[in-house]
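Next comes coords.cif, a file with mmCIF, C-alpha atoms.
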data_upload
loop_
_atom_site.label_atom_id
_atom_site.label_comp_id
_atom_site.auth_asym_id
_atom_site.auth_seq_id
_atom_site.Cartn_x
_atom_site.Cartn_y
_atom_site.Cartn_z
CA MET A 1 2.51 24.39 -66.91
CA SER A 2 6.06 23.11 -67.11
CA LEU A 3 7.13 19.52 -67.57
CA HIS A 4 9.37 18.15 -64.81
CA LEU A 5 11.67 15.39 -65.92
CA ALA A 6 13.20 13.03 -63.40
CA PRO A 7 16.99 13.18 -63.23
CA ALA A 8 18.86 10.53 -65.19
CA LEU A 9 20.00 7.52 -63.21
CA PRO A 10 23.73 7.07 -62.71
CA ALA A 11 25.24 4.43 -64.99
CA ASP A 12 26.20 2.20 -62.02
CA LEU A 13 22.58 1.65 -60.95
CA PRO A 14 20.93 -1.61 -61.98
CA ALA A 15 18.41 -1.79 -64.75
CA ILE A 16 14.89 -2.83 -63.86
CA PRO A 17 14.87 -6.64 -63.85
CA ALA A 18 13.18 -7.78 -67.04
CA ASP A 19 12.69 -10.65 -69.41
CA ALA A 20 11.21 -10.79 -72.92
CA ASP A 21 7.74 -9.99 -71.53
CA GLY A 22 8.78 -6.89 -69.59
CA PRO A 23 9.62 -6.05 -65.97
CA VAL A 24 10.03 -9.03 -63.66
CA PHE A 25 8.28 -8.43 -60.37
CA ARG A 26 6.04 -11.16 -59.00
CA GLU A 27 4.13 -8.81 -56.72
CA PRO A 28 3.47 -5.05 -56.83
CA TRP A 29 5.36 -4.52 -53.55
CA GLU A 30 8.55 -5.82 -55.20
CA ALA A 31 8.39 -3.06 -57.82
CA GLN A 32 7.56 -0.57 -55.08
CA ILE A 33 10.60 -1.47 -52.94
CA PHE A 34 12.80 -1.38 -56.05
CA ALA A 35 11.55 2.14 -56.83
CA LEU A 36 11.82 3.24 -53.21
CA VAL A 37 15.45 2.15 -52.98
CA ILE A 38 16.36 3.88 -56.25
CA ARG A 39 14.56 7.07 -55.21
CA SER A 40 16.09 7.03 -51.72
CA HIS A 41 19.53 6.77 -53.31
CA GLN A 42 18.75 9.60 -55.75
CA ARG A 43 17.66 11.81 -52.84
CA GLY A 44 20.96 11.20 -51.04
CA ALA A 45 19.76 8.89 -48.26
CA PHE A 46 22.73 6.60 -48.97
CA THR A 47 25.41 5.97 -51.57
CA TRP A 48 25.14 3.11 -54.02
CA SER A 49 28.22 1.54 -52.41
CA GLU A 50 26.47 1.62 -49.02
CA TRP A 51 23.42 0.01 -50.58
CA ALA A 52 25.41 -2.75 -52.28
CA GLU A 53 27.36 -3.49 -49.09
CA THR A 54 24.21 -3.59 -46.95
CA LEU A 55 22.24 -5.74 -49.41
CA GLY A 56 25.18 -8.13 -49.71
CA ALA A 57 25.46 -8.44 -45.93
CA THR A 58 21.70 -9.01 -45.62
CA ILE A 59 21.75 -11.78 -48.22
CA LYS A 60 24.83 -13.37 -46.65
CA ALA A 61 23.14 -13.36 -43.21
CA ALA A 62 19.99 -14.87 -44.71
CA HIS A 63 22.01 -17.67 -46.32
CA ALA A 64 23.73 -18.35 -43.00
CA SER A 65 20.28 -18.58 -41.38
CA GLY A 66 19.07 -21.14 -43.90
CA ASP A 67 17.58 -19.07 -46.76
CA ALA A 68 17.55 -21.50 -49.67
CA ASP A 69 18.11 -18.64 -52.15
CA LEU A 70 15.38 -19.71 -54.55
CA GLY A 71 14.71 -16.13 -55.60
CA ASP A 72 11.45 -15.83 -53.69
CA THR A 73 13.05 -13.86 -50.84
CA TYR A 74 15.21 -11.51 -52.92
CA TYR A 75 13.06 -8.41 -52.57
CA GLN A 76 12.45 -9.12 -48.89
CA HIS A 77 16.23 -8.69 -48.59
CA TRP A 78 15.77 -5.29 -50.25
CA VAL A 79 13.18 -4.37 -47.61
CA ASP A 80 15.42 -5.53 -44.78
CA SER A 81 18.44 -3.72 -46.23
CA LEU A 82 16.55 -0.47 -46.72
CA GLU A 83 15.30 -0.62 -43.13
CA THR A 84 18.85 -1.25 -41.91
CA LEU A 85 20.25 1.71 -43.86
CA LEU A 86 17.49 4.13 -42.90
CA ILE A 87 17.93 3.25 -39.22
CA ALA A 88 21.74 3.50 -39.45
CA LYS A 89 21.43 6.92 -41.11
CA GLY A 90 19.01 8.14 -38.44
CA LEU A 91 16.22 8.63 -40.97
CA THR A 92 13.84 6.39 -39.01
CA ASP A 93 13.95 4.19 -35.93
CA PRO A 94 12.92 0.59 -35.19
CA ASP A 95 9.88 1.67 -33.15
CA ALA A 96 8.52 3.76 -36.01
CA LEU A 97 9.01 0.89 -38.45
CA HIS A 98 7.35 -1.58 -36.07
CA ALA A 99 4.36 0.75 -35.65
CA LEU A 100 4.03 1.13 -39.42
CA GLU A 101 4.26 -2.64 -39.97
CA HIS A 102 1.53 -3.14 -37.36
CA GLU A 103 -0.67 -0.48 -38.97
CA ILE A 104 -0.29 -2.05 -42.41
CA ALA A 105 -0.98 -5.55 -41.07
CA GLU A 106 -4.21 -4.31 -39.49
CA ARG A 107 -5.56 -2.84 -42.73
CA PRO A 108 -8.34 -4.78 -44.43
CA THR A 109 -6.98 -6.64 -47.45
CA GLY A 110 -7.43 -4.76 -50.68
CA ARG A 111 -8.19 -1.43 -49.02
CA HIS A 112 -6.10 1.58 -49.93
CA THR A 113 -5.43 4.37 -47.46
CA HIS A 114 -4.60 7.12 -49.92
CA VAL A 115 -6.94 9.97 -50.70
CA ALA A 116 -7.78 10.73 -54.31
CA ARG A 117 -6.57 14.13 -55.48
CA ARG A 118 -8.26 16.31 -58.03
CA VAL A 119 -5.00 17.98 -59.10
CA PRO A 120 -2.20 15.92 -60.69
CA VAL A 121 0.82 15.46 -58.45
CA ILE A 122 4.37 14.93 -59.64
CA VAL A 123 6.68 13.20 -57.19
CA CYS A 124 10.26 14.38 -57.47
#
If you convert what's in this file into structure tokens, what do you get?
Amino acid sequence: MSLHLAPALPADLPAIPADADGPVFREPWEAQIFALVIRSHQRGAFTWSEWAETLGATIKAAHASGDADLGDTYYQHWVDSLETLLIAKGLTDPDALHALEHEIAERPTGRHTHVARRVPVIVC
């Protein structure tokens, strides 16, 4: 069995938000979107410049629409920006995202949809 190490992150990527107590994510989905964006970038879905430009535009549009910028919507901007980039790059489409959102909304709260595996899996 060989050990697979994840590639090192480029120096221009942000560090995981943290304070003295550790990572700062109020909800698990915030950490998940953070990881998904970093991994999507590592896999070549978009450049970091594209990400920064898209996130900046998303936040600017939210402010123009009345977002009070209290920090409670920050990771929602990450979700919106990732959706925008993936659609722009042709990696998904709005209908597929809408269907997935509907499917997730219909799931009973607290129920997972993954299947337990008996063999360890390494995600690369």
Hey, can you check how far atom CA of Thr54 of chain A sits from atom CA of Glu30 of chain A?
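We find that atom CA of Thr54 of chain A and atom CA of Glu30 of chain A lie 17.8 Å from each other.
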As an exercise, work out the distance from atom CA of Leu70 of chain A to atom CA of Ala18 of chain A in Å and give it to one decimal place.
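Result for atom CA of Leu70 of chain A versus atom CA of Ala18 of chain A: 17.4 Å, one decimal.
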Which is closer to Glu53 of chain A than all the others in A:Thr84, A:Ser65, A:Gln32, A:Thr92, using only C-alpha atoms?
A:Thr84
Quick one: 3 Å padding each side, axis-aligned, all listed atoms of segment 46-55 of chain A - centre and edge lengths in Å to one decimal, as JSON?
{"center_x": 25.2, "center_y": 0.4, "center_z": -50.5, "size_x": 12.0, "size_y": 18.3, "size_z": 13.1}
Nearest residue to Lys89 of chain A from the set A:Ile104, A:Tyr75, A:Phe46, A:Ile59 (distances using all atoms listed in the file):
A:Phe46
Give me, please, the distance in Å between atom CA of Asp72 of chain A and atom CA of Leu91 of chain A, quoted to one decimal.
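Separation of atom CA of Asp72 of chain A and atom CA of Leu91 of chain A: 28.0 Å.
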